[in-house]
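S.K.: So here's entry-v2.cif, just mmCIF, C-alpha atoms:
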```cif
data_protein
#
loop_
_atom_site.label_atom_id
_atom_site.label_comp_id
_atom_site.auth_asym_id
_atom_site.auth_seq_id
_atom_site.Cartn_x
_atom_site.Cartn_y
_atom_site.Cartn_z
CA MET U 1 0.00 0.00 0.00
CA ILE U 2 1.12 3.55 -0.73
CA HIS U 3 0.48 5.32 2.57
CA GLU U 4 1.68 8.92 2.55
CA LYS U 5 0.80 12.24 4.15
CA ILE U 6 1.05 15.26 1.86
CA PHE U 7 0.96 18.85 3.07
CA LEU U 8 -0.99 20.63 0.37
CA LYS U 9 0.92 23.88 0.94
CA ASP U 10 4.05 22.06 -0.29
CA VAL U 11 2.35 21.51 -3.63
CA PHE U 12 0.13 24.54 -4.20
CA ASP U 13 1.30 28.12 -3.65
CA GLY U 14 -2.31 29.16 -2.96
CA ILE U 15 -2.53 26.93 0.13
CA THR U 16 -1.03 28.44 3.27
CA THR U 17 -2.63 26.19 5.89
CA ASP U 18 -1.54 22.85 7.34
CA ALA U 19 -4.21 20.85 5.50
CA THR U 20 -3.03 17.33 4.71
CA LEU U 21 -3.98 14.57 2.33
CA THR U 22 -3.34 10.99 3.49
CA THR U 23 -3.26 8.26 0.86
CA TYR U 24 -4.62 4.72 1.14
CA VAL U 25 -3.64 3.32 -2.23
CA ARG U 26 -3.38 -0.34 -3.13
CA SER U 27 0.01 -1.38 -4.49
CA THR U 28 0.15 -2.99 -7.91
CA SER U 29 1.38 -6.53 -8.28
CA PRO U 30 2.48 -8.67 -11.25
CA ALA U 31 0.11 -11.32 -9.89
CA ILE U 32 -2.97 -9.06 -9.85
CA GLU U 33 -3.39 -7.23 -13.16
CA PRO U 34 -0.27 -5.04 -12.82
CA ASP U 35 -1.59 -2.22 -15.03
CA ARG U 36 -4.89 -1.92 -13.17
CA THR U 37 -6.15 1.57 -12.38
CA ARG U 38 -8.85 2.23 -9.83
CA ALA U 39 -11.67 4.61 -9.08
CA SER U 40 -10.83 6.77 -6.09
CA ILE U 41 -12.58 8.44 -3.17
CA LEU U 42 -11.57 11.75 -1.57
CA ILE U 43 -12.92 11.66 2.01
CA CYS U 44 -13.91 14.78 3.98
CA PRO U 45 -14.69 13.76 7.58
CA GLY U 46 -17.25 15.68 9.61
CA GLY U 47 -16.86 17.72 12.76
CA GLY U 48 -19.00 20.84 12.41
CA TYR U 49 -16.08 22.73 10.80
CA HIS U 50 -14.74 22.79 14.37
CA GLY U 51 -12.64 19.64 14.12
CA VAL U 52 -12.11 16.56 11.95
CA SER U 53 -13.66 13.28 13.09
CA ASP U 54 -11.39 10.23 13.22
CA ARG U 55 -14.52 8.07 13.12
CA GLU U 56 -15.21 9.29 9.57
CA SER U 57 -11.59 9.21 8.39
CA GLU U 58 -9.46 6.07 8.27
CA PRO U 59 -12.31 3.57 8.88
CA ILE U 60 -14.12 4.95 5.81
CA ALA U 61 -10.92 4.88 3.77
CA LEU U 62 -10.18 1.26 4.69
CA GLU U 63 -13.75 0.24 3.91
CA PHE U 64 -13.47 1.66 0.40
CA VAL U 65 -10.01 0.14 -0.06
CA SER U 66 -11.42 -3.26 0.89
CA ARG U 67 -13.94 -2.87 -1.93
CA GLY U 68 -11.35 -2.13 -4.60
CA TYR U 69 -11.04 1.66 -4.49
CA ASN U 70 -8.19 3.99 -3.71
CA ALA U 71 -8.95 6.36 -0.85
CA PHE U 72 -7.58 9.72 0.25
CA VAL U 73 -8.44 11.45 3.54
CA LEU U 74 -8.38 15.25 3.68
CA ARG U 75 -7.75 16.89 7.04
CA TYR U 76 -8.86 20.40 6.28
CA SER U 77 -8.93 23.72 8.14
CA THR U 78 -11.35 23.92 11.06
CA ALA U 79 -11.95 26.31 13.93
CA ASP U 80 -9.72 24.32 16.30
CA MET U 81 -6.90 24.26 13.75
CA ASN U 82 -6.45 27.84 12.54
CA ASP U 83 -9.95 29.34 12.35
CA LYS U 84 -9.63 30.08 8.63
CA LYS U 85 -12.93 30.84 6.95
CA TYR U 86 -14.39 30.32 3.48
CA PRO U 87 -13.00 29.99 0.81
CA THR U 88 -10.13 28.23 2.60
CA GLN U 89 -11.97 24.88 2.75
CA LEU U 90 -13.04 25.08 -0.91
CA LEU U 91 -9.44 25.77 -1.89
CA GLU U 92 -8.18 22.85 0.20
CA SER U 93 -10.64 20.34 -1.23
CA SER U 94 -9.96 21.65 -4.74
CA ALA U 95 -6.22 21.29 -4.23
CA ALA U 96 -6.67 17.76 -2.87
CA LEU U 97 -8.73 16.60 -5.83
CA ALA U 98 -6.43 18.31 -8.34
CA TYR U 99 -3.44 16.66 -6.65
CA ILE U 100 -5.01 13.22 -7.00
CA ARG U 101 -5.83 13.85 -10.66
CA ARG U 102 -2.32 15.15 -11.38
CA ASN U 103 -0.81 12.03 -9.81
CA CYS U 104 -2.97 9.43 -11.49
CA GLU U 105 0.01 7.46 -12.75
CA LYS U 106 1.70 7.33 -9.35
CA TYR U 107 -1.46 6.26 -7.54
CA HIS U 108 -2.96 4.12 -10.34
CA VAL U 109 -6.06 6.33 -10.45
CA LYS U 110 -8.67 6.61 -13.18
CA PRO U 111 -8.75 10.38 -13.70
CA ASP U 112 -12.42 10.45 -14.66
CA CYS U 113 -13.53 8.31 -11.70
CA ILE U 114 -12.72 10.43 -8.64
CA SER U 115 -15.59 10.99 -6.20
CA VAL U 116 -15.69 13.16 -3.10
CA CYS U 117 -17.24 11.70 0.05
CA GLY U 118 -18.22 13.65 3.15
CA PHE U 119 -20.16 13.33 6.39
CA SER U 120 -22.08 16.03 8.27
CA ALA U 121 -20.05 19.26 7.85
CA GLY U 122 -17.69 17.18 5.73
CA GLY U 123 -20.76 16.44 3.63
CA HIS U 124 -21.18 20.19 3.22
CA MET U 125 -17.55 20.42 2.19
CA ALA U 126 -17.99 17.60 -0.35
CA ALA U 127 -21.17 19.13 -1.74
CA MET U 128 -19.46 22.55 -1.79
CA LEU U 129 -16.74 21.11 -4.00
CA GLY U 130 -19.40 19.55 -6.22
CA THR U 131 -21.35 22.78 -6.61
CA LEU U 132 -18.68 25.51 -6.33
CA TRP U 133 -15.69 23.86 -8.03
CA ASN U 134 -16.07 26.40 -10.85
CA GLU U 135 -15.69 29.50 -8.65
CA SER U 136 -13.10 31.87 -10.11
CA VAL U 137 -11.30 32.14 -6.76
CA VAL U 138 -10.18 28.52 -7.12
CA THR U 139 -8.30 28.84 -10.39
CA GLU U 140 -6.97 32.28 -9.39
CA LYS U 141 -5.56 31.13 -6.05
CA LEU U 142 -4.40 27.63 -6.96
CA GLY U 143 -3.28 28.10 -10.55
CA ILE U 144 -5.02 24.92 -11.66
CA GLU U 145 -6.73 24.27 -14.97
CA PHE U 146 -10.47 24.85 -15.08
CA GLY U 147 -12.21 21.61 -14.08
CA GLU U 148 -9.07 19.97 -12.70
CA ASN U 149 -10.75 20.02 -9.28
CA LYS U 150 -14.20 18.84 -10.40
CA PRO U 151 -15.30 15.59 -8.75
CA ASN U 152 -16.97 12.98 -10.92
CA GLY U 153 -19.41 12.11 -8.16
CA MET U 154 -20.46 13.03 -4.62
CA ILE U 155 -21.15 10.69 -1.69
CA LEU U 156 -22.95 12.58 1.08
CA GLY U 157 -23.67 11.09 4.50
CA TYR U 158 -26.11 13.05 6.68
CA PRO U 159 -24.78 16.25 5.07
CA VAL U 160 -25.07 19.81 6.30
CA ILE U 161 -26.56 21.64 3.30
CA THR U 162 -28.78 24.58 4.18
CA ASN U 163 -28.40 27.62 6.38
CA GLY U 164 -32.14 28.20 6.26
CA GLY U 165 -34.76 26.87 8.66
CA PHE U 166 -33.12 23.44 9.02
CA ALA U 167 -29.55 24.69 9.43
CA HIS U 168 -26.85 23.33 11.67
CA GLN U 169 -25.90 26.83 12.76
CA GLY U 170 -22.60 25.89 14.38
CA SER U 171 -21.19 24.59 11.10
CA PHE U 172 -22.01 27.80 9.26
CA LYS U 173 -20.65 29.98 12.05
CA ASN U 174 -17.35 28.09 11.95
CA LEU U 175 -17.21 28.21 8.15
CA LEU U 176 -18.38 31.77 7.47
CA GLY U 177 -17.90 33.70 10.70
CA GLU U 178 -20.34 35.71 12.78
CA ASN U 179 -21.83 38.09 10.21
CA PRO U 180 -21.29 36.88 6.64
CA ASP U 181 -22.87 38.85 3.82
CA GLU U 182 -26.15 37.63 2.35
CA GLU U 183 -24.66 36.69 -1.01
CA LEU U 184 -22.14 34.35 0.60
CA MET U 185 -24.79 32.86 2.88
CA HIS U 186 -27.01 32.21 -0.13
CA LYS U 187 -24.20 30.58 -2.11
CA CYS U 188 -23.04 28.37 0.75
CA SER U 189 -26.59 27.21 1.40
CA LEU U 190 -25.81 24.64 -1.22
CA GLU U 191 -29.31 23.84 -2.45
CA ASN U 192 -28.99 27.27 -4.11
CA SER U 193 -25.77 26.38 -5.95
CA VAL U 194 -26.78 23.15 -7.70
CA GLY U 195 -26.77 23.35 -11.49
CA GLU U 196 -25.98 21.40 -14.62
CA HIS U 197 -22.30 21.67 -13.66
CA THR U 198 -22.94 19.56 -10.52
CA PRO U 199 -21.88 15.88 -10.64
CA PRO U 200 -24.19 12.98 -9.67
CA ALA U 201 -24.71 12.23 -5.99
CA PHE U 202 -25.36 9.36 -3.61
CA ILE U 203 -27.02 10.72 -0.46
CA TRP U 204 -28.07 9.03 2.77
CA HIS U 205 -29.53 10.25 6.05
CA THR U 206 -31.59 9.00 8.97
CA LEU U 207 -35.09 10.26 9.60
CA THR U 208 -34.44 10.79 13.31
CA ASP U 209 -31.19 12.76 13.00
CA ALA U 210 -31.58 15.38 15.73
CA SER U 211 -28.44 17.40 14.89
CA VAL U 212 -28.64 17.84 11.12
CA PRO U 213 -32.29 17.43 10.10
CA VAL U 214 -33.07 15.11 7.23
CA GLU U 215 -34.54 18.09 5.38
CA ASN U 216 -30.97 19.02 4.47
CA SER U 217 -30.77 15.98 2.22
CA PHE U 218 -34.28 16.54 0.90
CA LEU U 219 -33.42 20.11 -0.10
CA PHE U 220 -30.28 19.03 -1.92
CA ALA U 221 -32.02 16.17 -3.69
CA ASN U 222 -34.87 18.44 -4.79
CA ALA U 223 -32.37 20.94 -6.15
CA MET U 224 -30.65 18.19 -8.11
CA LYS U 225 -33.97 17.01 -9.49
CA LYS U 226 -34.77 20.53 -10.70
CA ALA U 227 -31.35 20.73 -12.35
CA ASN U 228 -31.85 17.29 -13.93
CA VAL U 229 -28.71 15.91 -12.26
CA PRO U 230 -28.80 12.18 -11.34
CA PHE U 231 -28.90 11.29 -7.66
CA GLU U 232 -29.75 8.39 -5.37
CA LEU U 233 -31.26 9.13 -1.96
CA HIS U 234 -31.64 6.70 0.95
CA ILE U 235 -33.48 7.65 4.13
CA TYR U 236 -33.11 5.20 7.01
CA PRO U 237 -36.00 5.14 9.51
CA ASP U 238 -33.95 5.62 12.66
CA GLY U 239 -30.50 6.37 13.95
CA PRO U 240 -28.62 9.29 15.57
CA HIS U 241 -26.37 11.78 13.84
CA GLY U 242 -22.78 10.74 13.11
CA LEU U 243 -23.27 7.04 12.43
CA SER U 244 -20.33 6.77 10.02
CA LEU U 245 -20.37 3.06 9.06
CA GLY U 246 -22.77 2.15 11.86
CA THR U 247 -20.44 -0.63 12.99
CA ARG U 248 -18.51 -1.44 16.19
CA GLU U 249 -15.42 -0.13 14.41
CA THR U 250 -16.83 3.40 14.31
CA ARG U 251 -19.08 3.48 17.36
CA SER U 252 -16.88 5.44 19.82
CA THR U 253 -18.18 4.73 23.36
CA ARG U 254 -21.83 5.00 22.32
CA THR U 255 -23.70 1.80 21.61
CA ASP U 256 -26.39 3.70 19.68
CA LEU U 257 -23.80 4.33 16.95
CA VAL U 258 -23.99 0.65 16.01
CA ASN U 259 -26.76 0.21 13.46
CA PRO U 260 -26.45 -2.86 11.20
CA HIS U 261 -29.26 -1.65 8.94
CA VAL U 262 -27.51 1.65 8.26
CA TYR U 263 -24.27 -0.18 7.42
CA SER U 264 -25.98 -1.17 4.19
CA TRP U 265 -25.28 2.32 2.81
CA ILE U 266 -21.74 1.37 1.86
CA GLY U 267 -22.90 -1.58 -0.26
CA LEU U 268 -25.59 0.54 -1.91
CA CYS U 269 -22.98 3.20 -2.58
CA GLU U 270 -20.65 0.64 -4.13
CA ARG U 271 -23.37 -0.37 -6.58
CA TRP U 272 -24.14 3.29 -7.31
CA LEU U 273 -20.48 3.93 -8.08
CA ALA U 274 -20.45 0.97 -10.47
CA LYS U 275 -23.51 2.33 -12.29
CA PHE U 276 -22.70 6.05 -12.51
CA ILE U 277 -18.97 6.57 -11.91
CA ASP U 278 -16.87 3.51 -12.75
CA LYS U 279 -18.79 1.07 -14.89
CA ASP U 280 -15.79 -1.30 -14.95
CA MET U 281 -16.52 -2.09 -11.30
CA GLY U 282 -19.83 -3.59 -12.34
CA ALA U 283 -18.28 -5.82 -14.98
#
```
Could you render the structure as structure tokens?
M.R.:
Amino acid sequence: MIHEKIFLKDVFDGITTDATLTTYVRSTSPAIEPDRTRASILICPGGGYHGVSDRESEPIALEFVSRGYNAFVLRYSTADMNDKKYPTQLLESSAALAYIRRNCEKYHVKPDCISVCGFSAGGHMAAMLGTLWNESVVTEKLGIEFGENKPNGMILGYPVITNGGFAHQGSFKNLLGENPDEELMHKCSLENSVGEHTPPAFIWHTLTDASVPVENSFLFANAMKKANVPFELHIYPDGPHGLSLGTRETRSTRTDLVNPHVYSWIGLCERWLAKFIDKDMGA
């Protein structure tokens, strides 16, 4: 396995933070199709833009690796790290995805099969990359080619989306500050930023999520429907916020974070990826 930690500021002049990208990349072998390339997943853990959850980091990466994907975990700027605000996080996720795409040969990556995956506020970050990848500030700050940072798909677990009536206010305060202007608030309420430029999405949530209401996923899915962008939406009948895989591996000290029914999302996602992102996986 190629297991590295890259400081994005060492690669992109426009990154000045300590954001890192950790690789979980299967090694090639003469015994196992030595020229094989793989679809890849860029993972943005949750944490309310206050921190980065270990429960939604390496365990998610290893789960995807076990299913034949390359995985990359982004530890991005949060309030407990350096308190940098938007567009810092959009620049970091853009740099991470562009880095993966630029290093396809090294990491045996299919350049047109790179999805971004996020949970909770990390789901907002993933959806922000999927909807705002074409913002001029990205190419200006990072010096990348237009579209080099565009994900081919989005995987959103109980995502923060809206700053309207169903908002997780803490996430938006940490991302945008105390008194952001209305235009920025509107743009970062991501149901407003979906368009034909947005890639397909796999979305899941639980109906009883008390921290990030399920309406966040409904709003995003409705926006994608209006824009005629493909999506798959799964709503589980029960379960708290922050389930991650819903297994003992990711439960922390709380037994209610074990939910075998919710664990099915990863298998459903795998089939979605084979249908919409990497059709070779379904062969």
S.K.: Using all atoms listed in the file, list the residues that have an atom at most 6 Å from (-14.6, 9.9, -3.0), coordinates as in the file, as a list of chain:residue names.
M.R.: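 Neighbouring residues, ordered by chain and number, come to U:Ser40, U:Ile41, U:Leu42, U:Ile43, U:Ile114, U:Ser115, U:Val116, U:Cys117.
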S.K.: Measuring atom to atom with only C-alpha atoms, identify which of U:Phe231, U:Trp265, U:Phe202, U:Phe166 is nearest to U:Ser244.
M.R.: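 Among the listed residues, the smallest separation from U:Ser244 belongs to U:Trp265.
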S.K.: Could you name the residues that touch stretch 141-154 of chain U at 6 Å or less, counting all atoms listed in the file, but leaving out those on the same chain fewer than 2 positions away, as a PDB file with C-alpha atoms, in the coordinates of the input?
M.R.:
```pdb
ATOM      1  CA  GLY U  14      -2.310  29.160  -2.960  1.00  0.00           C
ATOM      2  CA  SER U  94      -9.960  21.650  -4.740  1.00  0.00           C
ATOM      3  CA  LEU U  97      -8.730  16.600  -5.830  1.00  0.00           C
ATOM      4  CA  ALA U  98      -6.430  18.310  -8.340  1.00  0.00           C
ATOM      5  CA  CYS U 113     -13.530   8.310 -11.700  1.00  0.00           C
ATOM      6  CA  ILE U 114     -12.720  10.430  -8.640  1.00  0.00           C
ATOM      7  CA  SER U 115     -15.590  10.990  -6.200  1.00  0.00           C
ATOM      8  CA  VAL U 116     -15.690  13.160  -3.100  1.00  0.00           C
ATOM      9  CA  CYS U 117     -17.240  11.700   0.050  1.00  0.00           C
ATOM     10  CA  TRP U 133     -15.690  23.860  -8.030  1.00  0.00           C
ATOM     11  CA  VAL U 137     -11.300  32.140  -6.760  1.00  0.00           C
ATOM     12  CA  VAL U 138     -10.180  28.520  -7.120  1.00  0.00           C
ATOM     13  CA  THR U 139      -8.300  28.840 -10.390  1.00  0.00           C
ATOM     14  CA  PRO U 199     -21.880  15.880 -10.640  1.00  0.00           C
ATOM     15  CA  PRO U 200     -24.190  12.980  -9.670  1.00  0.00           C
ATOM     16  CA  ALA U 201     -24.710  12.230  -5.990  1.00  0.00           C
TER      17      ALA U 201
END
```
S.K.: May I ask which of the residues U:Glu196, U:Lys187, U:Asn163, U:Thr250 is the closest one to U:Ser57, counting all atoms listed in the file?
M.R.: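 Residue with the minimum atom-to-atom distance to U:Ser57: U:Thr250.
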S.K.: Could you list as an NGL selection string every residue that has an atom within 8 Å of (-30.2, 8.2, 20.0), using the file's coordinates and counting only C-alpha atoms?
M.R.: :U and (239-240 or 256)
S.K.: Written as a list in words, what is the full residue list that the PyMOL selection byres ((chain U and resi 121-125) around 7) yields on the file shown?
M.R.: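 Expected selection for the PyMOL selection byres ((chain U and resi 121-125) around 7) here is Cys44, Pro45, Gly46, Gly47, Gly48, Tyr49, Cys117, Gly118, Phe119, Ser120, Ala126, Ala127, Met128, Leu129, Leu156, Gly157, Pro159, Val160, Ile161 and Ser171 of chain U.
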S.K.: Deliver the residues from the most recent selection as a file, using C-alpha atoms, as a compact mmCIF listing (two decimals), keeping the file's coordinate frame.
M.R.:
```txt
# COMPACT_ATOMS: atom_id res chain seq x y z
CA CYS U 44 -13.91 14.78 3.98
CA PRO U 45 -14.69 13.76 7.58
CA GLY U 46 -17.25 15.68 9.61
CA GLY U 47 -16.86 17.72 12.76
CA GLY U 48 -19.00 20.84 12.41
CA TYR U 49 -16.08 22.73 10.80
CA CYS U 117 -17.24 11.70 0.05
CA GLY U 118 -18.22 13.65 3.15
CA PHE U 119 -20.16 13.33 6.39
CA SER U 120 -22.08 16.03 8.27
CA ALA U 126 -17.99 17.60 -0.35
CA ALA U 127 -21.17 19.13 -1.74
CA MET U 128 -19.46 22.55 -1.79
CA LEU U 129 -16.74 21.11 -4.00
CA LEU U 156 -22.95 12.58 1.08
CA GLY U 157 -23.67 11.09 4.50
CA PRO U 159 -24.78 16.25 5.07
CA VAL U 160 -25.07 19.81 6.30
CA ILE U 161 -26.56 21.64 3.30
CA SER U 171 -21.19 24.59 11.10
```
S.K.: Using only C-alpha atoms, which protein or nucleic acid residues come within 10 Å of stretch 20-34 of chain U? Drop anything in the same chain fewer than 3 positions from it, and give the result as a PyMOL selection string.
M.R.: chain U and resi 1-10+17+37-38+40-43+57-58+61-62+64-66+68-77+92-93+95-97+99-100+106-109
S.K.: Once 5 Å is added on each side, what are the centre and the three edge lengths, in Å to one decimal, of the axis-aligned box enclosing the listed atoms of stretch 73-92 of chain U? Present them as JSON.
M.R.:
```
{"center_x": -10.4, "center_y": 21.1, "center_z": 7.2, "size_x": 17.9, "size_y": 29.4, "size_z": 28.2}
```
S.K.: Please provide as a list in words all residues within 10 Å of U:Pro237, with the sequence filter that same-chain residues fewer than 2 positions apart are discarded (counting only C-alpha atoms).
M.R.: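 Close residues of U:Pro237: His205, Thr206, Leu207, Thr208, Asp209, His234, Ile235, Gly239, His261 and Val262 of chain U.
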S.K.: Between atom CA of U:Lys279 and atom CA of U:Tyr158, measure the distance and give it in Å to one decimal.
M.R.: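 These two atoms are separated by 25.7 Å.
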S.K.: List the residues matched by the PyMOL selection byres ((chain U and resi 278) around 10) in the displayed structure as a list in words, ordered by chain and then by residue number.
M.R.: Arg38, Ala39, Ser40, Lys110, Asp112, Cys113, Ile114, Asn152, Glu270, Arg271, Trp272, Leu273, Ala274, Lys275, Phe276, Ile277, Lys279, Asp280, Met281, Gly282 and Ala283 of chain U
S.K.: Tell me which residues the PyMOL selection byres ((chain U and resi 189) around 10) grabs here, as a PyMOL selection string.
M.R.: chain U and resi 124+128+160-164+167+172+183-188+190-194+216+219-220
S.K.: Given all atoms listed in the file as the basis, pick out the residue of U:Gln169, U:Ser264, U:Ser53, U:Thr198 nearest to U:Lys225.
M.R.: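 Among the listed residues, U:Thr198 lies closest to U:Lys225.
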S.K.: Between atom CA of U:Asp83 and atom CA of U:Glu178, what is the spacing in Å?
M.R.: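 Value for the atom CA of U:Glu178-atom CA of U:Asp83 distance: 12.2 Å.
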S.K.: Interatomic distance between atom CA of U:Trp204 and atom CA of U:Cys269?
M.R.: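 These atoms are spaced 9.4 Å apart.
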S.K.: Please provide the set of residues having any atom within 7 Å of stretch 257-259 of chain U, restricted to only C-alpha atoms, with same-chain residues fewer than 2 positions apart removed, written as a JSON list (two decimals) with C-alpha atoms, keeping the file's coordinate frame.
M.R.:
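Output (selection.json):
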```
[["chain", "number", "residue", "atom", "x", "y", "z"],
["U", 243, "LEU", "CA", -23.27, 7.04, 12.43],
["U", 246, "GLY", "CA", -22.77, 2.15, 11.86],
["U", 247, "THR", "CA", -20.44, -0.63, 12.99],
["U", 248, "ARG", "CA", -18.51, -1.44, 16.19],
["U", 251, "ARG", "CA", -19.08, 3.48, 17.36],
["U", 254, "ARG", "CA", -21.83, 5.00, 22.32],
["U", 255, "THR", "CA", -23.70, 1.80, 21.61],
["U", 261, "HIS", "CA", -29.26, -1.65, 8.94],
["U", 262, "VAL", "CA", -27.51, 1.65, 8.26],
["U", 263, "TYR", "CA", -24.27, -0.18, 7.42]]
```
S.K.: Using all atoms listed in the file for the distances, tell me which of U:Lys85, U:Arg102, U:Thr131, U:Leu245 is nearest to U:Pro180.
M.R.: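 Closest candidate: U:Lys85.
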S.K.: Of the candidates U:Gly130, U:Ala223, U:Ser136, U:Leu233, which one gets nearest to U:Pro87 if we count all atoms listed in the file?
M.R.: U:Ser136
